[in-house]
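Asker: Structure: my_file_6.cif, mmCIF, C-alpha atoms (C1' of nucleotides).
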data_model
#
loop_
_atom_site.label_atom_id
_atom_site.label_comp_id
_atom_site.auth_asym_id
_atom_site.auth_seq_id
_atom_site.Cartn_x
_atom_site.Cartn_y
_atom_site.Cartn_z
CA MET W 825 3.81 -8.99 -1.74
CA PRO W 826 2.35 -6.45 -4.05
CA GLU W 827 4.53 -3.56 -5.09
CA LEU W 828 3.61 -0.81 -7.51
CA PRO W 829 3.30 -3.01 -10.64
CA GLU W 830 1.04 -5.53 -8.93
CA VAL W 831 -1.15 -2.78 -7.45
CA GLU W 832 -1.30 -0.92 -10.76
CA THR W 833 -2.18 -4.13 -12.62
CA THR W 834 -4.94 -4.82 -10.12
CA VAL W 835 -6.36 -1.30 -10.50
CA ARG W 836 -6.34 -1.48 -14.30
CA ASP W 837 -7.97 -4.91 -14.38
CA LEU W 838 -10.66 -3.96 -11.86
CA LYS W 839 -11.48 -0.68 -13.59
CA ARG W 840 -12.47 -2.45 -16.77
CA ILE W 841 -15.10 -4.49 -14.92
CA LEU W 842 -16.30 -2.68 -11.82
CA ILE W 843 -16.87 0.98 -12.73
CA GLY W 844 -20.57 1.78 -12.44
CA ARG W 845 -21.41 -1.36 -10.46
CA LYS W 846 -23.53 -1.01 -7.35
CA ILE W 847 -22.53 -2.92 -4.22
CA THR W 848 -25.54 -5.01 -3.22
CA SER W 849 -24.11 -7.08 -0.38
CA VAL W 850 -20.93 -7.54 1.61
CA TRP W 851 -19.41 -10.41 3.56
CA PHE W 852 -16.31 -10.66 5.77
CA ASP W 853 -14.93 -13.10 8.33
CA VAL W 854 -12.23 -11.02 10.00
CA PRO W 855 -13.21 -8.14 12.34
CA LYS W 856 -10.54 -5.80 10.93
CA PHE W 857 -12.45 -5.74 7.63
CA LYS W 858 -15.79 -4.80 9.16
CA SER W 859 -15.83 -1.30 7.70
CA ILE W 860 -16.49 -2.70 4.23
CA ALA W 861 -20.06 -3.25 5.47
CA LYS W 862 -20.58 0.48 5.06
CA THR W 863 -20.08 0.25 1.31
CA LYS W 864 -23.37 -1.59 0.84
CA GLY W 865 -25.68 0.28 -1.52
CA LEU W 866 -22.92 2.49 -2.92
CA LYS W 867 -21.79 2.62 -6.53
CA ILE W 868 -18.17 2.36 -7.70
CA GLU W 869 -17.35 5.56 -9.56
CA GLY W 870 -13.59 5.24 -9.88
CA ILE W 871 -10.58 3.08 -8.96
CA THR W 872 -7.14 4.59 -8.49
CA ARG W 873 -3.78 3.88 -6.89
CA GLN W 874 -1.74 5.94 -4.46
CA GLY W 875 1.56 4.30 -3.69
CA LYS W 876 0.57 0.72 -2.91
CA ASN W 877 -2.93 1.71 -1.77
CA ILE W 878 -5.99 1.02 -3.92
CA LEU W 879 -8.74 3.64 -3.67
CA PHE W 880 -12.31 2.88 -4.69
CA SER W 881 -14.25 6.12 -5.15
CA LEU W 882 -17.83 5.42 -4.17
CA SER W 883 -21.08 7.35 -4.57
CA GLY W 884 -21.91 9.98 -1.98
CA GLY W 885 -18.28 11.13 -1.80
CA HIS W 886 -17.08 7.99 -0.04
CA VAL W 887 -13.81 6.13 -0.47
CA LEU W 888 -12.78 2.55 0.30
CA LEU W 889 -9.01 2.20 0.73
CA VAL W 890 -7.47 -1.26 0.39
CA HIS W 891 -3.84 -2.13 1.10
CA MET W 892 -2.82 -5.67 0.13
CA LYS W 893 0.32 -5.76 2.27
CA MET W 894 2.28 -9.04 1.92
CA THR W 895 -0.11 -11.70 0.66
CA GLY W 896 -3.31 -9.90 -0.28
CA HIS W 897 -4.87 -9.88 -3.71
CA LEU W 898 -8.23 -8.82 -5.11
CA LEU W 899 -10.01 -11.39 -7.26
CA LEU W 900 -13.02 -11.23 -9.53
CA GLY W 901 -15.12 -14.37 -9.35
CA LYS W 902 -18.08 -16.09 -7.81
CA TRP W 903 -18.25 -17.49 -4.32
CA ARG W 904 -20.93 -19.30 -2.40
CA ILE W 905 -21.04 -18.40 1.27
CA GLY W 906 -22.25 -21.35 3.32
CA LYS W 907 -21.89 -22.72 6.80
CA LYS W 908 -18.53 -24.21 5.93
CA GLY W 909 -17.25 -20.80 4.95
CA VAL W 910 -16.44 -19.50 1.49
CA GLU W 911 -16.73 -21.84 -1.46
CA PRO W 912 -15.21 -20.68 -4.73
CA ILE W 913 -17.26 -21.28 -7.88
CA SER W 914 -15.14 -19.42 -10.43
CA PRO W 915 -12.67 -18.75 -11.90
CA ALA W 916 -11.25 -22.25 -12.16
CA VAL W 917 -7.83 -21.09 -10.96
CA ILE W 918 -9.48 -20.18 -7.70
CA LYS W 919 -8.65 -23.74 -6.72
CA GLU W 920 -5.04 -22.74 -6.35
CA ARG W 921 -4.01 -22.74 -2.75
CA VAL W 922 -3.05 -19.07 -2.81
CA ASN W 923 -6.56 -18.14 -3.82
CA SER W 924 -8.36 -19.95 -1.05
CA TYR W 925 -7.98 -17.43 1.74
CA ILE W 926 -10.90 -15.14 1.00
CA HIS W 927 -11.65 -12.76 3.87
CA PHE W 928 -14.10 -10.32 2.37
CA ILE W 929 -16.42 -10.27 -0.60
CA LEU W 930 -18.38 -7.50 -2.30
CA SER W 931 -21.33 -8.54 -4.48
CA PHE W 932 -22.68 -6.26 -7.21
CA ASP W 933 -25.91 -5.65 -9.06
CA LYS W 934 -24.45 -7.67 -11.93
CA GLY W 935 -21.26 -9.44 -12.96
CA PRO W 936 -18.55 -11.07 -10.86
CA MET W 937 -18.02 -10.51 -7.15
CA LEU W 938 -14.87 -8.95 -5.73
CA GLY W 939 -13.07 -11.16 -3.21
CA PHE W 940 -10.04 -10.31 -1.11
CA SER W 941 -7.65 -13.23 -0.61
CA ASP W 942 -5.08 -12.72 2.11
CA LEU W 943 -3.23 -15.68 3.57
CA ARG W 944 -1.43 -13.77 6.31
CA LYS W 945 -4.26 -11.31 6.99
CA PHE W 946 -1.92 -8.31 6.99
CA GLY W 947 -4.22 -6.45 4.58
CA ASN W 948 -5.95 -3.25 5.57
CA VAL W 949 -9.14 -1.46 4.61
CA LYS W 950 -10.41 2.01 5.50
CA PHE W 951 -13.76 3.51 4.67
CA GLY W 952 -14.87 7.12 4.96
CA LYS W 953 -15.64 10.37 3.24
CA ALA W 954 -13.08 11.18 0.59
CA ASP W 955 -11.57 14.07 2.53
CA SER W 956 -11.19 12.13 5.77
CA VAL W 957 -9.54 9.18 4.02
CA ALA W 958 -7.28 11.63 2.17
CA ALA W 959 -6.34 13.21 5.52
CA GLY W 960 -5.48 9.86 7.09
CA LYS W 961 -1.93 8.72 7.68
CA ASP W 962 -2.09 5.95 5.06
CA LEU W 963 -2.07 8.61 2.37
CA THR W 964 -0.57 11.74 3.96
CA SER W 965 2.60 9.92 4.93
CA LEU W 966 3.30 8.87 1.34
CA GLY W 967 6.08 10.50 -0.61
CA PRO W 968 5.53 11.32 -4.29
CA ASP W 969 4.79 8.35 -6.55
CA VAL W 970 7.93 7.00 -8.19
CA LEU W 971 6.30 6.95 -11.64
CA ILE W 972 5.11 10.55 -11.39
CA VAL W 973 7.91 12.35 -9.56
CA ASP W 974 10.50 14.13 -11.70
CA SER W 975 14.11 13.14 -11.36
CA LYS W 976 15.17 16.38 -9.64
CA VAL W 977 12.65 15.95 -6.81
CA PHE W 978 13.53 12.24 -6.64
CA SER W 979 17.19 13.11 -6.31
CA ASP W 980 16.66 15.94 -3.82
CA ARG W 981 14.49 13.87 -1.51
CA ILE W 982 16.97 11.01 -1.46
CA ARG W 983 20.01 13.22 -0.95
CA ALA W 984 18.24 14.93 1.95
CA ARG W 985 18.44 11.66 3.89
CA LYS W 986 21.51 9.99 5.24
CA LYS W 987 20.87 6.30 5.16
CA LYS W 988 21.62 3.27 3.03
CA ILE W 989 20.06 3.79 -0.40
CA TYR W 990 18.39 0.38 -0.19
CA GLN W 991 16.49 1.43 2.95
CA ILE W 992 15.64 4.84 1.53
CA LEU W 993 14.11 3.31 -1.58
CA LEU W 994 11.91 1.03 0.53
CA ASP W 995 10.74 3.97 2.67
CA GLN W 996 7.32 4.94 1.28
CA THR W 997 7.49 8.32 3.02
CA VAL W 998 10.42 9.28 0.78
CA ILE W 999 9.13 7.93 -2.55
CA SER W 1000 6.05 5.71 -2.81
CA GLY W 1001 5.66 2.58 -4.91
CA PRO W 1002 8.90 0.55 -4.90
CA GLY W 1003 9.15 -2.68 -2.91
CA ASN W 1004 11.89 -5.21 -2.32
CA ILE W 1005 11.99 -6.90 -5.73
CA TYR W 1006 12.06 -3.77 -7.87
CA VAL W 1007 14.40 -1.94 -5.49
CA ASN W 1008 16.94 -4.76 -5.75
CA GLU W 1009 16.55 -4.88 -9.52
CA SER W 1010 16.93 -1.12 -9.96
CA LEU W 1011 20.08 -0.94 -7.81
CA PHE W 1012 21.57 -3.77 -9.84
CA LEU W 1013 20.70 -2.10 -13.15
CA SER W 1014 22.20 1.16 -11.90
CA GLY W 1015 25.37 -0.46 -10.60
CA ILE W 1016 24.82 0.92 -7.09
CA HIS W 1017 25.72 -1.05 -3.98
CA PRO W 1018 22.64 -1.17 -1.70
CA GLU W 1019 24.62 0.12 1.29
CA THR W 1020 25.77 3.30 -0.43
CA VAL W 1021 24.80 6.25 1.77
CA SER W 1022 21.97 8.15 0.10
CA SER W 1023 23.30 11.65 0.78
CA GLN W 1024 26.57 10.80 -0.92
CA ILE W 1025 25.16 9.74 -4.27
CA SER W 1026 25.53 12.39 -6.96
CA PRO W 1027 22.43 13.89 -8.59
CA ALA W 1028 23.64 12.45 -11.89
CA LEU W 1029 23.76 8.93 -10.55
CA LEU W 1030 20.40 9.38 -8.83
CA LYS W 1031 18.98 10.48 -12.16
CA ARG W 1032 20.16 7.20 -13.61
CA LEU W 1033 18.66 5.29 -10.67
CA HIS W 1034 15.35 7.08 -11.12
CA SER W 1035 15.25 6.21 -14.77
CA LYS W 1036 16.17 2.54 -14.16
CA LEU W 1037 13.57 2.29 -11.41
CA ALA W 1038 10.84 3.79 -13.59
CA GLU W 1039 11.92 1.57 -16.47
CA ILE W 1040 11.82 -1.66 -14.49
CA LEU W 1041 8.52 -0.76 -12.80
CA THR W 1042 7.00 -0.05 -16.20
CA VAL W 1043 8.19 -3.41 -17.50
CA GLY W 1044 6.60 -4.90 -14.38
CA VAL W 1045 3.29 -3.20 -15.12
CA ASN W 1046 3.40 -4.31 -18.74
CA LEU W 1047 3.96 -7.93 -17.68
CA GLY W 1048 1.15 -7.86 -15.11
CA GLY W 1049 3.46 -7.80 -12.08
CA THR W 1050 5.41 -10.54 -10.32
CA SER W 1051 3.86 -13.83 -9.17
CA LEU W 1052 6.70 -15.55 -7.35
CA ASP W 1053 4.25 -16.87 -4.80
CA ASP W 1054 0.87 -15.48 -3.81
CA TYR W 1055 0.12 -12.61 -6.13
CA ARG W 1056 -2.52 -13.12 -8.81
CA ARG W 1057 -4.26 -10.71 -11.13
CA PRO W 1058 -7.98 -10.23 -10.48
CA ASN W 1059 -8.81 -12.87 -13.10
CA GLY W 1060 -6.56 -15.37 -11.30
CA GLU W 1061 -3.73 -15.24 -13.83
CA ARG W 1062 -0.11 -14.83 -12.85
CA GLY W 1063 2.08 -11.84 -13.64
CA PHE W 1064 5.23 -12.56 -15.63
CA PHE W 1065 7.82 -10.10 -14.40
CA GLY W 1066 9.35 -13.01 -12.47
CA ASN W 1067 10.97 -14.12 -15.72
CA LYS W 1068 12.85 -10.82 -15.94
CA ILE W 1069 14.32 -10.86 -12.45
CA GLN W 1070 18.11 -10.61 -12.54
CA ILE W 1071 19.12 -10.27 -8.91
CA TYR W 1072 16.27 -10.66 -6.40
CA GLY W 1073 16.28 -14.05 -4.69
CA ARG W 1074 19.37 -15.26 -6.58
CA GLU W 1075 21.71 -15.63 -3.61
CA LYS W 1076 24.67 -17.92 -4.36
CA LEU W 1077 23.83 -18.03 -8.07
CA PRO W 1078 26.10 -16.45 -10.67
CA CYS W 1079 25.42 -12.87 -11.73
CA MET W 1080 23.80 -12.85 -15.16
CA VAL W 1081 26.17 -10.10 -16.29
CA CYS W 1082 29.59 -11.09 -14.91
CA GLY W 1083 29.21 -14.51 -13.30
CA THR W 1084 30.22 -13.37 -9.83
CA ILE W 1085 28.32 -15.16 -7.07
CA ILE W 1086 25.41 -13.05 -5.85
CA MET W 1087 25.36 -11.98 -2.21
CA ARG W 1088 22.47 -11.60 0.17
CA LYS W 1089 22.59 -9.32 3.18
CA LYS W 1090 20.02 -8.29 5.76
CA ILE W 1091 19.66 -4.55 5.73
CA GLY W 1092 17.08 -3.15 8.13
CA ALA W 1093 15.27 -6.49 8.43
CA ARG W 1094 14.91 -6.91 4.65
CA SER W 1095 17.05 -8.97 2.29
CA ALA W 1096 19.17 -7.11 -0.21
CA PHE W 1097 20.64 -9.09 -3.11
CA PHE W 1098 23.60 -7.73 -5.02
CA CYS W 1099 26.63 -8.48 -7.17
CA LEU W 1100 29.85 -7.20 -5.60
CA LYS W 1101 31.48 -6.71 -8.98
CA CYS W 1102 28.59 -4.97 -10.77
CA GLN W 1103 27.48 -2.92 -7.77
CA LYS W 1104 30.11 -0.74 -6.15
CA PRO W 1105 29.53 2.05 -3.66
CA LYS W 1106 29.48 4.92 -6.15
CA ARG W 1107 28.95 8.62 -6.00
"C1'" DT X 241 11.33 -30.78 14.18
"C1'" DG X 242 12.16 -26.12 14.73
"C1'" DC X 243 13.19 -22.00 13.17
"C1'" DA X 244 14.47 -18.57 9.82
"C1'" DG X 245 12.48 -16.31 6.18
"C1'" DT X 246 8.63 -14.17 3.06
"C1'" DG X 247 6.58 -9.22 -2.36
"C1'" DT X 248 4.57 -4.67 3.91
"C1'" DT X 249 4.02 -1.52 7.31
"C1'" DG X 250 3.18 0.52 11.98
"C1'" DC X 251 3.97 0.69 16.79
"C1'" DT X 252 7.00 0.49 20.83
"C1'" DT X 253 11.33 1.15 22.92
"C1'" DC X 254 15.61 3.07 23.68
"C1'" DC I 799 14.54 12.82 16.93
"C1'" DG I 800 16.01 8.36 14.54
"C1'" DA I 801 16.98 3.60 14.45
"C1'" DA I 802 16.14 -0.98 15.85
"C1'" DG I 803 13.14 -4.46 17.26
"C1'" DC I 804 8.82 -6.50 17.38
"C1'" DA I 805 4.23 -7.12 15.96
"C1'" DA I 806 0.41 -8.51 12.91
"C1'" DC I 807 -0.27 -13.99 10.53
"C1'" DA I 808 0.28 -18.43 7.95
"C1'" DC I 809 3.02 -21.19 5.54
"C1'" DT I 810 7.46 -23.09 3.23
"C1'" DG I 811 11.92 -24.85 3.09
"C1'" DC I 812 16.28 -25.94 5.07
#
Can the structure in the file be given as structure tokens, please?

Answerer:
Amino acid sequence: MPELPEVETTVRDLKRILIGRKITSVWFDVPKFKSIAKTKGLKIEGITRQGKNILFSLSGGHVLLVHMKMTGHLLLGKWRIGKKGVEPISPAVIKERVNSYIHFILSFDKGPMLGFSDLRKFGNVKFGKADSVAAGKDLTSLGPDVLIVDSKVFSDRIRARKKKIYQILLDQTVISGPGNIYVNESLFLSGIHPETVSSQISPALLKRLHSKLAEILTVGVNLGGTSLDDYRRPNGERGFFGNKIQIYGREKLPCMVCGTIIMRKKIGARSAFFCLKCQKPKR
DNA sequence: TGCAGTGTTGCTTC
DNA sequence: CGAAGCAACACTGC
């Protein structure tokens, strides 16, 4: 689920609470998360984002990397760990179904705990010294961040590939950050058909795409991300970008601009949504 | 009832 | 080498 705006929202929300806190105990119920045990006793010195990865800088030069994948989200709250498993105490919204799949918890010297909810258990964590995490494939394979890269580099990297622009935009090794919702929205706003071959799009049009993508991602960040289903902010609240969606998920509904019925097509195992009148293959 | 589909990504296979 | 298919997993909706 989470794309750049959801990850960025999570980082910003967590930073305000967790910087300076010392991890006093850890709990997990899925073997793949066992490396969080090594964070016990360390202090959180910083929280940043790289692509869709969240990086907790910890004392002693350590880093905890968390990727939320499809259904993960980090929540601040209180849990009681008993024989029946994890029992949420707060926040109240924790009672929502989507928040009841906690698979690891960090407790601190004071304040709320940090729980990781992940219905499908696709999430990932990595722990290590900062340089070894930085040298790992999770981070080295990432292309430049879509909100940081300048439009010339954005354009050059995309034109260097020869593939459908929709697939290129979802490829984190080309540009990191965009996911399915915001990619569909940005192609719609730019008037580009998702199957347009990347190498054939002019630098001028790619400049427009870059600006629309950055614009829509920024709106997403400002609205706290998109909560169509599972995603929640750390305090349990929803993000409101869902109200701004113009094309994603609107198959068979009329285009908000021209009224043409919106199409859906599988491209590389993902669903692209587009308006045939507003989005032409363009160069 | 069963099966396609889901905001992600990595590995295997050809 | 790249592209396609499958895998991880749990649930929803047609």

Asker: Check every residue of chain W for an atom within 7 Å of chain X, counting all atoms listed in the file, and provide those that qualify as a tab-separated table (two decimals) with C-alpha atoms, in the frame of the given file.

Answerer:
chain	number	residue	atom	x	y	z
W	825	MET	CA	3.81	-8.99	-1.74
W	826	PRO	CA	2.35	-6.45	-4.05
W	827	GLU	CA	4.53	-3.56	-5.09
W	893	LYS	CA	0.32	-5.76	2.27
W	894	MET	CA	2.28	-9.04	1.92
W	1004	ASN	CA	11.89	-5.21	-2.32
W	1005	ILE	CA	11.99	-6.90	-5.73

Asker: Name the residues in contact with segment 808-810 of chain I at a cut-off of 10 Å, using only C-alpha atoms (C1' of nucleotides), excluding same-chain residues fewer than 2 positions from it; report them as a PyMOL selection string.

Answerer: (chain W and resi 895+942-945) or (chain X and resi 245-246) or (chain I and resi 812)

Asker: Please identify all residues of chain I having at least one atom at most 10 Å from any atom of chain W, considering all atoms listed in the file, and return them as a list in words.

Answerer: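 Contact residues on the first chain: DA801, DA802, DG803, DA806, DC807, DA808 and DC809 of chain I.
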
Asker: Could you state which residues are captured by the PyMOL selection byres ((chain W and resi 1058-1068) around 6) in this file, as a PyMOL selection string?

Answerer: chain W and resi 898-900+917+1044+1047-1051+1056-1057+1069

Asker: How many Å separate atom CA of Gly865 of chain W from atom CA of His886 of chain W?

Answerer: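 Distance between the two atoms: 11.6 Å.
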
Asker: For atom CA of Glu830 of chain W and atom CA of Leu1037 of chain W, determine how far apart the two atoms are, in Å to one decimal place.

Answerer: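 Answer for the atom CA of Glu830 of chain W to atom CA of Leu1037 of chain W separation: 15.0 Å.
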
Asker: Enter the distance from atom CA of Glu832 of chain W to atom CA of Ile1016 of chain W, in Å, rounded to one decimal.

Answerer: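 Interatomic distance here is 26.4 Å.
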
Asker: Looking at all atoms listed in the file, which of W:Thr863, W:Ser849, W:Thr1042, W:Thr997 is the one that sits closest to Lys961 of chain W?

Answerer: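 Using all atoms listed in the file, the shortest distance to Lys961 of chain W belongs to W:Thr997.
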
Asker: Need the shell around Cys1079 of chain W: protein/DNA/RNA residues with any atom at most 12 Å away, counting only C-alpha atoms (C1' of nucleotides). Skip same-chain ones fewer than 5 positions apart. Format as a PyMOL selection string?

Answerer: chain W and resi 1012-1013+1069-1074+1084-1087+1097-1103

Asker: Write out as an MDAnalysis selection string which residues come within 10 Å of Gly844 of chain W when counting all atoms listed in the file, dropping same-chain ones fewer than 6 positions away.

Answerer: chainID W and resid 866:870 882:883 932:933

Asker: Padding of 4 Å on every side, edges along x, y and z, all listed atoms of segment 241-248 of chain X included: what centre and edge lengths in Å, to one decimal, does that box have, as JSON?

Answerer:
{"center_x": 9.5, "center_y": -17.7, "center_z": 6.2, "size_x": 17.9, "size_y": 34.1, "size_z": 25.1}

Asker: Within 8 Å of (18.0, 2.5, 0.3), all atoms listed in the file: residues as an MDAnalysis selection string?

Answerer: chainID W and resid 987:995 1018:1022

Asker: Which residue out of W:Ser881, W:Asn948, W:Ser1026, W:Thr964 has the minimum interatomic distance to Ser979 of chain W when only C-alpha atoms are used?

Answerer: W:Ser1026
